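Novice: This is the structure, below, for whatever I ask next.
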2 protein chains.
Amino acid sequence: MKRTRLCDLLGIEYPIIQGGMVWIANAELAAAVSNAGGLGLISPTAGMSRNGNQVENLKQQLEIAKSLTSKPFGVNLPILNNPQIEELVATAIDTKVKVVVTAAGNPALYTSRFKEAGIKVIHVVAAVRHAQSAEKRGVDVVIAEGYEAGGHNGLDELTTFTLIPQVVDAVTIPVVAAGGIADARGVVAALALGADGVQMGTRFVATHECNAHQNFKEAIVKASDTDTVITGRKLGPTRILKNEVAAKIMDMEAAGASVEELLAFLGSNRSRTGQFEGDMANGEAYCGAIAGMIKEIKSVGEVIRSIVDNYETVLTSLR
Amino acid sequence: MKRTRLCDLLGIEYPIIQGGMVWIANAELAAAVSNAGGLGLISPTAGMSRNGNQVENLKQQLEIAKSLTSKPFGVNLPILNNPQIEELVATAIDTKVKVVVTAAGNPALYTSRFKEAGIKVIHVVAAVRHAQSAEKRGVDVVIAEGYEAGGHNGLDELTTFTLIPQVVDAVTIPVVAAGGIADARGVVAALALGADGVQMGTRFVATHECNAHQNFKEAIVKASDTDTVITGRKLGPTRILKNEVAAKIMDMEAAGASVEELLAFLGSNRSRTGQFEGDMANGEAYCGAIAGMIKEIKSVGEVIRSIVDNYETVLTSLR
């Protein structure tokens, strides 16, 4: 498998980053990904109780990860509407995290502080202008995330196939492709479009190491190609597994429901209800559109080895 | 560039099919694509007057194409809600067209008649179940078209990146990737995902040979990554260039407008107004999300040669 400049920059063997999924990107998952040669990411909410303290939780997760791997790993920090963001930033700096991924907010806010502390900064973008802005703010890498990705999604609905080459043409820093990738074919395709690496979320949810609820993992394995949907176009588009909640939101949207009505129905922490507690009817399960291609819960090592082993086979098929 | 089984099946040199775009996939465009080694497709409405006779128009277009190329070319026949479909099918058979692409309707209706006449049948699909159904009905090839494609779009919003590998895994007939492809990077990526070829629409609109209005071609060249949008989710999702019409439809949709209200606003033939007449404010211009990557109006020969010439360069970059 090709060693890209992303590998050199982050000190990893394979250009594969694990998504830092809210509630379920736990230390065991991140450490397993890093031990297998990729870059694991921890979410500050991984395994946390409802309304828990993200800072305390993150410190615990970092301790566990450090006990499990000597390889680099990172932390995913969604900026927007995060009441504890200042303390989380300080924690990442104080604990000498190697890599921070920022998303859903302005990278200008924290990038220089991280960089002064020697931390590599990766920012998630979903359109060319955001990639250019992130580069100007000094981030080291952008993750360009397509419409097929699980969870929170860009407003412009650019797909991985259209987003990656346009971002690659617009910036000089490394570009990581996210959204729709679950096997070696997807990794080769992403690199063909010009990416320096990939980020996978849903594929890593369906692993033994992830602390997602077993019901969520099994729902991914059972999902067909058409079993995810974008909901909440008025609130902030979010790709989730189809279920009763998704159907209700879509009915409300089609009938012209207001933001207030939608928020009142949704309440809070529905993604924890689905992803961590395993209530697949009343919770939300953030899930990529590639779920239909995931047929088995595997170990993290198997996922990464399968990609590495099949990379050359895919290349050979192109001649 | 790889010679795939699609090339052998259709008798073409490169596995590149041109989209048979309504109003503007004219004989000169199709012949140029076929002469350059791909498969050109003619639309029965190419250059036709409003409410013209598709059958007479198609016969004229076929005569012109035959005078311009001795290579195979095809005809694109959207089945659904087409009042002249029976006569068009008969015309394709009588004139010994080599390839027919059917879309937006049930492939069971005409496939056996085409096959008995020695015509290769290609059906456009946007989800795995439709690909499987088309294969059962005996079609020779499926075009799997992603959410990024211009014009009429599937209801399930599967992107090229997620649709292609899942369709490839579900059928044994050749799969052509459509949506989001405009250069050699996209072609390599599509083949890495398992496709046997590609179909490109928007890239071929912005060619000298296409009879699209110059305003439409220039709008594609000027477009940025975020300049297309899906409208008409209640009517049948359609990707068009953003303009006043798109904004009005989206406002109506967000306010919960009924199908009747939306149809009353849209009227008829708006895609001719935009694409063929060049009224970019009041017309609709069907356009793929890859428009932002198209920076120049070229000849068809230049488009295809550039892909063929750069294919190996992209492959080399993957090692």
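Residues are referred to by chain and number: the chain letter is A, B, ... according to the order shown in the structure tokens, the number counts from 1 in that chain, and ligands are numbered separately from 1 in the order shown.
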Would you kindly report the residues of chain A within 8 Å of chain B, using only C-alpha atoms, as a count of residues only?

Specialist: 41

Novice: Tell me which protein, DNA and RNA residues are within 9 Å of A:Ala246, counting only C-alpha atoms, leaving out same-chain ones fewer than 5 positions away, and put them as a list in words.

Specialist: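 Listed by chain and then number, they are Val229, Ile230, Thr231, Gly232, Ile240, Leu241, Asp251 and Glu284 of chain A.
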
Novice: Would you save the residues of that selection, restricted to N, CA and C atoms, as a PDB file, in the first residue's frame?

Specialist:
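Result file again_15.pdb:
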ATOM      1  N   VAL A 229     -30.365   7.732   5.619  1.00  0.00           N
ATOM      2  CA  VAL A 229     -31.063   8.892   5.058  1.00  0.00           C
ATOM      3  C   VAL A 229     -30.551  10.161   5.735  1.00  0.00           C
ATOM      4  N   ILE A 230     -30.574  11.249   4.981  1.00  0.00           N
ATOM      5  CA  ILE A 230     -30.247  12.559   5.551  1.00  0.00           C
ATOM      6  C   ILE A 230     -31.508  13.146   6.172  1.00  0.00           C
ATOM      7  N   THR A 231     -31.444  13.451   7.461  1.00  0.00           N
ATOM      8  CA  THR A 231     -32.569  14.127   8.115  1.00  0.00           C
ATOM      9  C   THR A 231     -32.097  15.491   8.593  1.00  0.00           C
ATOM     10  N   GLY A 232     -33.037  16.305   8.981  1.00  0.00           N
ATOM     11  CA  GLY A 232     -32.702  17.583   9.613  1.00  0.00           C
ATOM     12  C   GLY A 232     -32.095  18.593   8.680  1.00  0.00           C
ATOM     13  N   ILE A 240     -28.376   9.286   9.155  1.00  0.00           N
ATOM     14  CA  ILE A 240     -28.631   8.271  10.172  1.00  0.00           C
ATOM     15  C   ILE A 240     -29.258   7.044   9.528  1.00  0.00           C
ATOM     16  N   LEU A 241     -29.227   5.934  10.273  1.00  0.00           N
ATOM     17  CA  LEU A 241     -29.960   4.741   9.837  1.00  0.00           C
ATOM     18  C   LEU A 241     -31.449   5.053   9.827  1.00  0.00           C
ATOM     19  N   ASP A 251     -41.235  13.255   7.831  1.00  0.00           N
ATOM     20  CA  ASP A 251     -42.646  13.640   7.671  1.00  0.00           C
ATOM     21  C   ASP A 251     -42.846  15.087   8.108  1.00  0.00           C
ATOM     22  N   GLU A 284     -31.083   7.836  17.540  1.00  0.00           N
ATOM     23  CA  GLU A 284     -30.497   8.084  16.229  1.00  0.00           C
ATOM     24  C   GLU A 284     -29.178   7.327  16.161  1.00  0.00           C
TER      25      GLU A 284
END

Novice: Could you work out how far atom CA of A:Tyr286 lies from atom CA of A:Arg239, giving the answer in Å with one decimal?

Specialist: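 Atom CA of A:Tyr286 lies at a distance of 5.9 Å from atom CA of A:Arg239.
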
Novice: Got a sec: who's within 8 Å of stretch 97-103 of chain B, counting only C-alpha atoms, leaving out chain neighbours fewer than 3 positions off, as a PyMOL selection string?

Specialist: chain B and resi 10+72-80+92-94+106-107+114+118-125

Novice: Would you kindly return, as a PyMOL selection string, each protein, DNA or RNA residue with an atom no farther than 9 Å from any atom of A:Asn215, considering only C-alpha atoms and excluding same-chain residues fewer than 2 positions away?

Specialist: chain A and resi 212-213+217-220+274-275+277-280

Novice: What residues in stretch 57-90 of chain A get the DSSP label helix (DSSP H, G or I)? Please answer as a list in words.

Specialist: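 Matching residues for helix (DSSP H, G or I) in stretch 57-90 of chain A are Asn57, Leu58, Lys59, Gln60, Gln61, Leu62, Glu63, Ile64, Ala65, Lys66, Ser67, Leu68, Ile85, Glu86, Glu87, Leu88, Val89 and Ala90 of chain A.
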
Novice: Let me see the file: selected residues, C-alpha atoms, as a compact mmCIF listing (two decimals), in the first residue's frame.

Specialist:
# COMPACT_ATOMS: atom_id res chain seq x y z
CA ASN A 57 -14.11 11.69 30.43
CA LEU A 58 -11.48 12.68 27.88
CA LYS A 59 -8.72 12.55 30.50
CA GLN A 60 -9.75 9.00 31.42
CA GLN A 61 -9.92 7.94 27.78
CA LEU A 62 -6.47 9.39 27.10
CA GLU A 63 -5.04 7.47 30.04
CA ILE A 64 -6.52 4.22 28.77
CA ALA A 65 -5.28 4.81 25.22
CA LYS A 66 -1.76 5.59 26.45
CA SER A 67 -1.77 2.32 28.36
CA LEU A 68 -2.74 0.41 25.21
CA ILE A 85 -14.64 23.43 24.20
CA GLU A 86 -12.18 25.77 26.01
CA GLU A 87 -11.38 23.20 28.68
CA LEU A 88 -11.14 20.43 26.09
CA VAL A 89 -8.63 22.45 24.09
CA ALA A 90 -6.58 23.05 27.23

Novice: Name the residues in contact with A:Phe276 at a cut-off of 8 Å, using only C-alpha atoms, excluding same-chain residues fewer than 6 positions from it; report them as a list in words.

Specialist: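 That gives Trp23, Ile24, Gly47, Asn211, Ala212, His213 and Phe216 of chain A.
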
Novice: Please identify all polymer residues within 8 Å of A:Gly38, counting only C-alpha atoms, omitting same-chain residues fewer than 3 positions from it, and present them as an NGL selection string.

Specialist: :A and (12-18 or 33-35 or 304)

Novice: Grab the atom CA of B:Val303 to atom CA of B:Thr95 distance for me, in Å with one decimal place.

Specialist: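 Taking atom CA of B:Val303 and atom CA of B:Thr95, their separation equals 29.2 Å.
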
Novice: Assign secondary structure with DSSP using the backbone only, and return the residues of stretch 104-315 of chain A in strand (DSSP E or B) as a ChimeraX atom specification.

Specialist: /A:120-125,141-145,151-152,175-178,197-200,207,228-231,238-241,286,298

Novice: Residues as selected, N, CA and C atoms, written as an mmCIF file, in the first residue's frame, can you do that?

Specialist:
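Just written: selection34.cif:
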data_model
loop_
_atom_site.group_PDB
_atom_site.id
_atom_site.type_symbol
_atom_site.label_atom_id
_atom_site.label_comp_id
_atom_site.auth_asym_id
_atom_site.auth_seq_id
_atom_site.Cartn_x
_atom_site.Cartn_y
_atom_site.Cartn_z
ATOM 1 N N LYS A 120 -0.398 18.534 15.733
ATOM 2 C CA LYS A 120 -0.860 18.602 14.343
ATOM 3 C C LYS A 120 -2.369 18.840 14.337
ATOM 4 N N VAL A 121 -2.798 19.745 13.461
ATOM 5 C CA VAL A 121 -4.223 20.097 13.412
ATOM 6 C C VAL A 121 -4.830 19.656 12.077
ATOM 7 N N ILE A 122 -5.903 18.907 12.179
ATOM 8 C CA ILE A 122 -6.659 18.455 11.000
ATOM 9 C C ILE A 122 -8.058 19.046 11.117
ATOM 10 N N HIS A 123 -8.542 19.644 10.022
ATOM 11 C CA HIS A 123 -9.881 20.235 10.075
ATOM 12 C C HIS A 123 -10.781 19.551 9.051
ATOM 13 N N VAL A 124 -12.011 19.285 9.451
ATOM 14 C CA VAL A 124 -12.969 18.630 8.558
ATOM 15 C C VAL A 124 -13.709 19.683 7.745
ATOM 16 N N VAL A 125 -13.749 19.498 6.423
ATOM 17 C CA VAL A 125 -14.422 20.446 5.537
ATOM 18 C C VAL A 125 -15.344 19.688 4.583
ATOM 19 N N VAL A 141 -3.707 19.525 7.734
ATOM 20 C CA VAL A 141 -4.389 18.556 6.872
ATOM 21 C C VAL A 141 -5.876 18.915 6.861
ATOM 22 N N VAL A 142 -6.543 18.709 5.729
ATOM 23 C CA VAL A 142 -8.013 18.759 5.754
ATOM 24 C C VAL A 142 -8.580 17.374 5.482
ATOM 25 N N ILE A 143 -9.626 17.055 6.218
ATOM 26 C CA ILE A 143 -10.447 15.896 5.885
ATOM 27 C C ILE A 143 -11.623 16.431 5.075
ATOM 28 N N ALA A 144 -11.734 15.995 3.825
ATOM 29 C CA ALA A 144 -12.846 16.422 2.972
ATOM 30 C C ALA A 144 -13.907 15.343 3.027
ATOM 31 N N GLU A 145 -15.046 15.701 3.607
ATOM 32 C CA GLU A 145 -16.060 14.699 3.929
ATOM 33 C C GLU A 145 -17.266 14.826 3.009
ATOM 34 N N GLY A 151 -23.534 10.791 10.207
ATOM 35 C CA GLY A 151 -23.543 11.893 11.157
ATOM 36 C C GLY A 151 -23.700 13.242 10.501
ATOM 37 N N HIS A 152 -23.164 14.269 11.159
ATOM 38 C CA HIS A 152 -23.344 15.643 10.676
ATOM 39 C C HIS A 152 -22.672 15.822 9.333
ATOM 40 N N VAL A 175 -4.888 16.120 1.752
ATOM 41 C CA VAL A 175 -6.347 15.990 1.796
ATOM 42 C C VAL A 175 -6.689 14.533 2.111
ATOM 43 N N VAL A 176 -7.524 14.342 3.111
ATOM 44 C CA VAL A 176 -7.989 13.009 3.482
ATOM 45 C C VAL A 176 -9.445 12.875 3.036
ATOM 46 N N ALA A 177 -9.765 11.803 2.344
ATOM 47 C CA ALA A 177 -11.131 11.577 1.865
ATOM 48 C C ALA A 177 -11.946 10.859 2.923
ATOM 49 N N ALA A 178 -13.152 11.356 3.183
ATOM 50 C CA ALA A 178 -14.057 10.701 4.133
ATOM 51 C C ALA A 178 -15.448 10.613 3.530
ATOM 52 N N GLY A 197 -5.010 10.195 1.821
ATOM 53 C CA GLY A 197 -5.391 9.207 2.809
ATOM 54 C C GLY A 197 -6.894 9.158 2.923
ATOM 55 N N VAL A 198 -7.383 8.304 3.812
ATOM 56 C CA VAL A 198 -8.829 8.156 3.991
ATOM 57 C C VAL A 198 -9.182 8.219 5.470
ATOM 58 N N GLN A 199 -10.420 8.610 5.743
ATOM 59 C CA GLN A 199 -10.979 8.445 7.079
ATOM 60 C C GLN A 199 -12.207 7.537 6.946
ATOM 61 N N MET A 200 -12.304 6.560 7.838
ATOM 62 C CA MET A 200 -13.464 5.659 7.850
ATOM 63 C C MET A 200 -14.118 5.718 9.219
ATOM 64 N N THR A 207 -16.762 -2.970 14.589
ATOM 65 C CA THR A 207 -15.594 -3.750 15.022
ATOM 66 C C THR A 207 -15.794 -4.171 16.480
ATOM 67 N N THR A 228 -29.795 4.255 4.861
ATOM 68 C CA THR A 228 -29.507 5.495 5.593
ATOM 69 C C THR A 228 -30.210 6.645 4.892
ATOM 70 N N VAL A 229 -30.365 7.732 5.619
ATOM 71 C CA VAL A 229 -31.063 8.892 5.058
ATOM 72 C C VAL A 229 -30.551 10.161 5.735
ATOM 73 N N ILE A 230 -30.574 11.249 4.981
ATOM 74 C CA ILE A 230 -30.247 12.559 5.551
ATOM 75 C C ILE A 230 -31.508 13.146 6.172
ATOM 76 N N THR A 231 -31.444 13.451 7.461
ATOM 77 C CA THR A 231 -32.569 14.127 8.115
ATOM 78 C C THR A 231 -32.097 15.491 8.593
ATOM 79 N N THR A 238 -28.019 15.522 8.832
ATOM 80 C CA THR A 238 -27.387 14.433 9.575
ATOM 81 C C THR A 238 -27.780 13.110 8.943
ATOM 82 N N ARG A 239 -26.789 12.289 8.611
ATOM 83 C CA ARG A 239 -27.098 10.987 8.006
ATOM 84 C C ARG A 239 -27.212 9.934 9.094
ATOM 85 N N ILE A 240 -28.376 9.286 9.155
ATOM 86 C CA ILE A 240 -28.631 8.271 10.172
ATOM 87 C C ILE A 240 -29.258 7.044 9.528
ATOM 88 N N LEU A 241 -29.227 5.934 10.273
ATOM 89 C CA LEU A 241 -29.960 4.741 9.837
ATOM 90 C C LEU A 241 -31.449 5.053 9.827
ATOM 91 N N TYR A 286 -25.967 7.481 13.878
ATOM 92 C CA TYR A 286 -25.222 8.119 12.796
ATOM 93 C C TYR A 286 -24.530 7.030 11.985
ATOM 94 N N LYS A 298 -15.877 -7.162 12.559
ATOM 95 C CA LYS A 298 -14.511 -7.698 12.532
ATOM 96 C C LYS A 298 -13.675 -7.065 13.642
#

Novice: Provide the atom CA of A:Pro44 to atom CA of A:Ala31 distance in Å, to one decimal place.

Specialist: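 Rounded to one decimal, the two atoms are 14.7 Å apart.
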